[in-house]
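J.: Below are the structure tokens for one structure; questions will follow.
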Amino acid sequence: MNVTLRQLTYFRALAAQRHFGRAAEMVNVSQPALSVQIREMEAQLGKPLVERQSRDVVLTPFGRRILEHAERVHQEMQALEEAARWEGGLSGRLRLGIIPTLAPYLLPDTLELLRSRDISLDVQVLEGKTARLLADLQAGHLDAAVVALPVEEAGLHAEALFEDRFLLAGSPARIAALGARVETLRPDALVTSPLLLLEDGHCLTEQALELCHLGRGLGRGQARGGAGRIDMGASSLATLTRLVAAGFGLTLMPELAAPTECRAAPGVELCRFAKPEPGRRIALVRRKGTQGSEWFSDLAQVLREVGERLVAATREDRGGAVPPAGD
């Protein structure tokens with residue numbers, strides 16, 4: 001028996017697509033070529049792997065067992081390639097994912113620092129929402145991803161980097177309307193205020209809803225008790241900040257983003273929440289099966305150094321933000 005890696009790759013594609021034509025496109029070969037390889041694989045193994053129906057391809061019970069072996073072989077091959085590529089630490093090509101509420105603020109200094117340490121390092125960055133990044137990480141399309149905790153998916157290892165606290169952002173009139181509450185302000189006190197959030201799917205939106213004790217029963221723009229509303233529609237923090245500066249509502253602003261966004265929208269006023277200040281924990285994530293952790297530790301240290309420096313600068317220069325109670 002001589003089943004090849006090519007055949008296993010084609011079989012995995014066929015199992016995923018359940019169609020010979022789409023599977024062939026997925027692995028960049030012609031449909032007849034893929035069909036021939038699948039038939040040869042079946043001949044080698046002595047049993048059919050799939051049931052060929054008019055508009056569908058269904059795995060046989062034997063095919064499902066072989067798919068489990070094919071997935072394990074694929075994972076081991078990925079680990080082998082990564083072990084060779086990362087031998088000696090952070091070098092070669094790095095495929096890094098990062099969520100949009102971190103990328104514009106964390107990446108410039110991170111890439112500059114990585115470049116200064118290894119000019120030959122080729123960094124390929126994918127910016128995307130958490131669900132997509134973790135899926136790409138699991139599939140082997142990314143080496144690591146920078147996201148906000150928690151990460152609950154099985155098979156992934158997360159290393160905490162730094163804390164990014166939330167500030168309350170609004171126009172001067174919106175902040176002034178909070179009155180004396182600002183001295184002891186907690187996120188759940190915003191229930192009567194218009195709250196602007198990023199579009200659905202951003203982890204920052206999920207965190208804001210949880211911190212403010214707001215359920216998902218309220219849709220975009222829906223009134224809450226006749227007093228306030230949640231608007232989830234902005235695609236970026238830049239858009240959100242400009243809406244806030246124009247007086248349309250309040251929002252939670254990460255410390256990491258505050259300097260950049262407030263320079264671009266001078267009409268925004270910031271104030272801190274009372275202690276314990278709400279925030280998010282930023283982490284670097286990789287697959288548990290990834291071989292060699294030296295490169296991962298090196299990358300985590302660079303990201304930690306940059307992130308801690310940026311949030312520390314925001315805390316030192318409050319930019320007019322009201323200090324938390326007890327400071």
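Chains: A, B, ... in order of the structure tokens. Residues: from 1 per chain. Ligands: from 1, in order shown.
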If you run DSSP on this backbone, which residues of region 28-176 of chain A come out as helix (DSSP H, G or I), and could you give them as a PyMOL selection string?

T.: chain A and resi 31-45+61-85+103-117+130-138+172-176

J.: Do you have, as JSON lines, the list of residues of region 27-113 of chain A lying at most 9 Å from region 200-211 of chain A, each with its nearest atom pair and that distance in Å to one decimal, counting only C-alpha atoms and ordered by chain then number?

T.:
{"residue": "A:Ile99", "atom": "CA", "partner": "A:His202", "partner_atom": "CA", "distance": 8.3}
{"residue": "A:Pro100", "atom": "CA", "partner": "A:His202", "partner_atom": "CA", "distance": 8.4}
{"residue": "A:Thr101", "atom": "CA", "partner": "A:Leu204", "partner_atom": "CA", "distance": 7.6}

J.: Report, in Å with one decimal, the straight-line distance from CA of Gly155 (chain A) to CA of Gly289 (chain A).

T.: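 Interatomic distance, CA of Gly155 (chain A) to CA of Gly289 (chain A): 7.5 Å.
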
J.: Choose the residue, out of A:Arg6, A:Arg64, A:Arg186, A:Arg95, that has the smallest atom-to-atom separation from Leu137 (chain A); count only C-alpha atoms.

T.: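 Counting only C-alpha atoms, the residue closest to Leu137 (chain A) is A:Arg95.
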
J.: Can you tell me, as number ranges by chain, which residues in region 47-78 of chain A count as strand (DSSP E or B) by DSSP?

T.: A: 50-52, 57-59

J.: Hey, what's within 12 Å of Pro254 (chain A) if we count only C-alpha atoms and toss same-chain stuff fewer than 2 positions away? As a VMD selection string, please?

T.: chain A and resid 101 to 102 105 to 106 148 163 to 169 204 to 205 207 to 208 237 241 251 to 252 256 to 262 270 to 272 277 to 282 307 310 to 311 314 to 315

J.: Could those residues be written to a file, using N, CA and C atoms, as a short mmCIF file (atom, residue, chain, number, x, y, z; two decimals), in the first residue's frame?

T.:
data_model
loop_
_atom_site.label_atom_id
_atom_site.label_comp_id
_atom_site.auth_asym_id
_atom_site.auth_seq_id
_atom_site.Cartn_x
_atom_site.Cartn_y
_atom_site.Cartn_z
N THR A 101 -9.37 46.29 16.48
CA THR A 101 -9.29 47.28 17.56
C THR A 101 -7.90 47.32 18.20
N LEU A 102 -6.98 46.51 17.70
CA LEU A 102 -5.59 46.54 18.14
C LEU A 102 -4.64 46.95 17.02
N TYR A 105 -2.94 50.50 16.28
CA TYR A 105 -2.25 51.10 17.40
C TYR A 105 -1.03 50.29 17.85
N LEU A 106 -1.15 48.97 17.75
CA LEU A 106 -0.09 48.08 18.23
C LEU A 106 0.91 47.72 17.13
N ALA A 148 -8.19 39.46 22.16
CA ALA A 148 -8.54 39.71 23.55
C ALA A 148 -9.05 38.42 24.20
N GLU A 163 -2.69 44.50 29.92
CA GLU A 163 -4.07 44.93 30.16
C GLU A 163 -4.33 46.24 29.43
N ASP A 164 -5.45 46.31 28.75
CA ASP A 164 -5.87 47.51 28.03
C ASP A 164 -7.17 47.97 28.67
N ARG A 165 -7.11 49.00 29.52
CA ARG A 165 -8.29 49.45 30.24
C ARG A 165 -9.20 50.29 29.34
N PHE A 166 -10.46 50.37 29.74
CA PHE A 166 -11.44 51.14 28.98
C PHE A 166 -11.65 52.51 29.63
N LEU A 167 -11.72 53.53 28.79
CA LEU A 167 -12.11 54.88 29.20
C LEU A 167 -13.50 55.16 28.65
N LEU A 168 -14.19 56.09 29.27
CA LEU A 168 -15.47 56.54 28.74
C LEU A 168 -15.20 57.73 27.83
N ALA A 169 -15.70 57.68 26.61
CA ALA A 169 -15.49 58.75 25.64
C ALA A 169 -16.82 59.36 25.24
N LEU A 204 -14.83 43.67 21.13
CA LEU A 204 -14.98 44.87 21.95
C LEU A 204 -16.46 45.17 22.21
N THR A 205 -17.29 44.90 21.23
CA THR A 205 -18.74 45.09 21.40
C THR A 205 -19.28 44.12 22.45
N GLN A 207 -17.63 42.74 24.87
CA GLN A 207 -17.13 43.12 26.18
C GLN A 207 -17.89 44.31 26.74
N ALA A 208 -18.20 45.28 25.87
CA ALA A 208 -18.93 46.47 26.32
C ALA A 208 -20.33 46.10 26.79
N LEU A 237 -12.98 51.87 15.11
CA LEU A 237 -12.92 52.82 16.22
C LEU A 237 -12.80 54.26 15.71
N THR A 241 -15.32 57.05 17.02
CA THR A 241 -14.83 58.23 17.73
C THR A 241 -15.39 59.51 17.13
N THR A 251 -19.15 56.07 24.29
CA THR A 251 -18.60 54.76 23.95
C THR A 251 -17.47 54.41 24.90
N LEU A 252 -17.08 53.14 24.89
CA LEU A 252 -15.91 52.70 25.66
C LEU A 252 -14.70 52.75 24.74
N LEU A 256 -5.28 51.85 24.58
CA LEU A 256 -4.34 51.70 23.47
C LEU A 256 -4.72 52.59 22.31
N ALA A 257 -6.01 52.78 22.08
CA ALA A 257 -6.48 53.55 20.94
C ALA A 257 -6.66 55.03 21.25
N ALA A 258 -6.75 55.39 22.52
CA ALA A 258 -7.13 56.74 22.91
C ALA A 258 -6.25 57.84 22.32
N PRO A 259 -4.91 57.78 22.42
CA PRO A 259 -4.11 58.88 21.88
C PRO A 259 -4.33 59.12 20.39
N THR A 260 -4.32 58.04 19.61
CA THR A 260 -4.50 58.17 18.16
C THR A 260 -5.86 58.72 17.81
N GLU A 261 -6.91 58.17 18.39
CA GLU A 261 -8.26 58.58 18.02
C GLU A 261 -8.61 59.97 18.54
N CYS A 262 -8.09 60.35 19.69
CA CYS A 262 -8.39 61.68 20.22
C CYS A 262 -7.64 62.77 19.45
N LEU A 270 -12.44 62.42 27.49
CA LEU A 270 -12.30 61.11 28.12
C LEU A 270 -12.42 61.23 29.63
N CYS A 271 -12.97 60.22 30.26
CA CYS A 271 -12.90 60.14 31.71
C CYS A 271 -12.74 58.68 32.10
N ARG A 272 -12.09 58.48 33.23
CA ARG A 272 -11.84 57.13 33.71
C ARG A 272 -13.00 56.64 34.58
N GLU A 277 -11.02 49.52 37.50
CA GLU A 277 -11.32 49.96 36.15
C GLU A 277 -11.56 48.77 35.22
N PRO A 278 -12.59 48.85 34.40
CA PRO A 278 -12.84 47.77 33.44
C PRO A 278 -11.77 47.77 32.35
N GLY A 279 -11.56 46.64 31.74
CA GLY A 279 -10.57 46.55 30.68
C GLY A 279 -10.61 45.20 30.01
N ARG A 280 -9.66 44.97 29.16
CA ARG A 280 -9.54 43.69 28.46
C ARG A 280 -8.10 43.22 28.54
N ARG A 281 -7.92 41.91 28.57
CA ARG A 281 -6.59 41.32 28.58
C ARG A 281 -6.24 40.91 27.15
N ILE A 282 -5.11 41.39 26.68
CA ILE A 282 -4.66 41.09 25.32
C ILE A 282 -3.71 39.89 25.40
N GLY A 307 3.01 47.00 23.86
CA GLY A 307 1.70 47.25 24.43
C GLY A 307 1.76 47.92 25.79
N LEU A 310 2.74 51.59 25.45
CA LEU A 310 1.69 52.45 24.91
C LEU A 310 0.60 52.74 25.93
N VAL A 311 0.16 51.71 26.67
CA VAL A 311 -0.90 51.97 27.65
C VAL A 311 -0.35 52.75 28.84
N THR A 314 -0.52 56.39 28.02
CA THR A 314 -1.88 56.92 28.14
C THR A 314 -2.22 57.18 29.60
N ARG A 315 -1.79 56.31 30.49
CA ARG A 315 -2.09 56.49 31.91
C ARG A 315 -1.32 57.66 32.50
#

J.: Interatomic distance between CA of Ala144 (chain A) and CA of Leu96 (chain A)?

T.: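 Value for the CA of Ala144 (chain A)-CA of Leu96 (chain A) distance: 5.2 Å.
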
J.: Measuring between only C-alpha atoms, which one of A:Gln78, A:Ser171, A:Pro32, A:Arg117 shows the shortest distance to Leu142 (chain A)?

T.: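 Once distances to Leu142 (chain A) are computed over only C-alpha atoms, the minimum belongs to A:Gln78.
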
J.: CA of Glu40 (chain A) and CA of Ile66 (chain A), how far apart in Å?

T.: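 We find that CA of Ile66 (chain A) and CA of Glu40 (chain A) lie 14.4 Å from each other.
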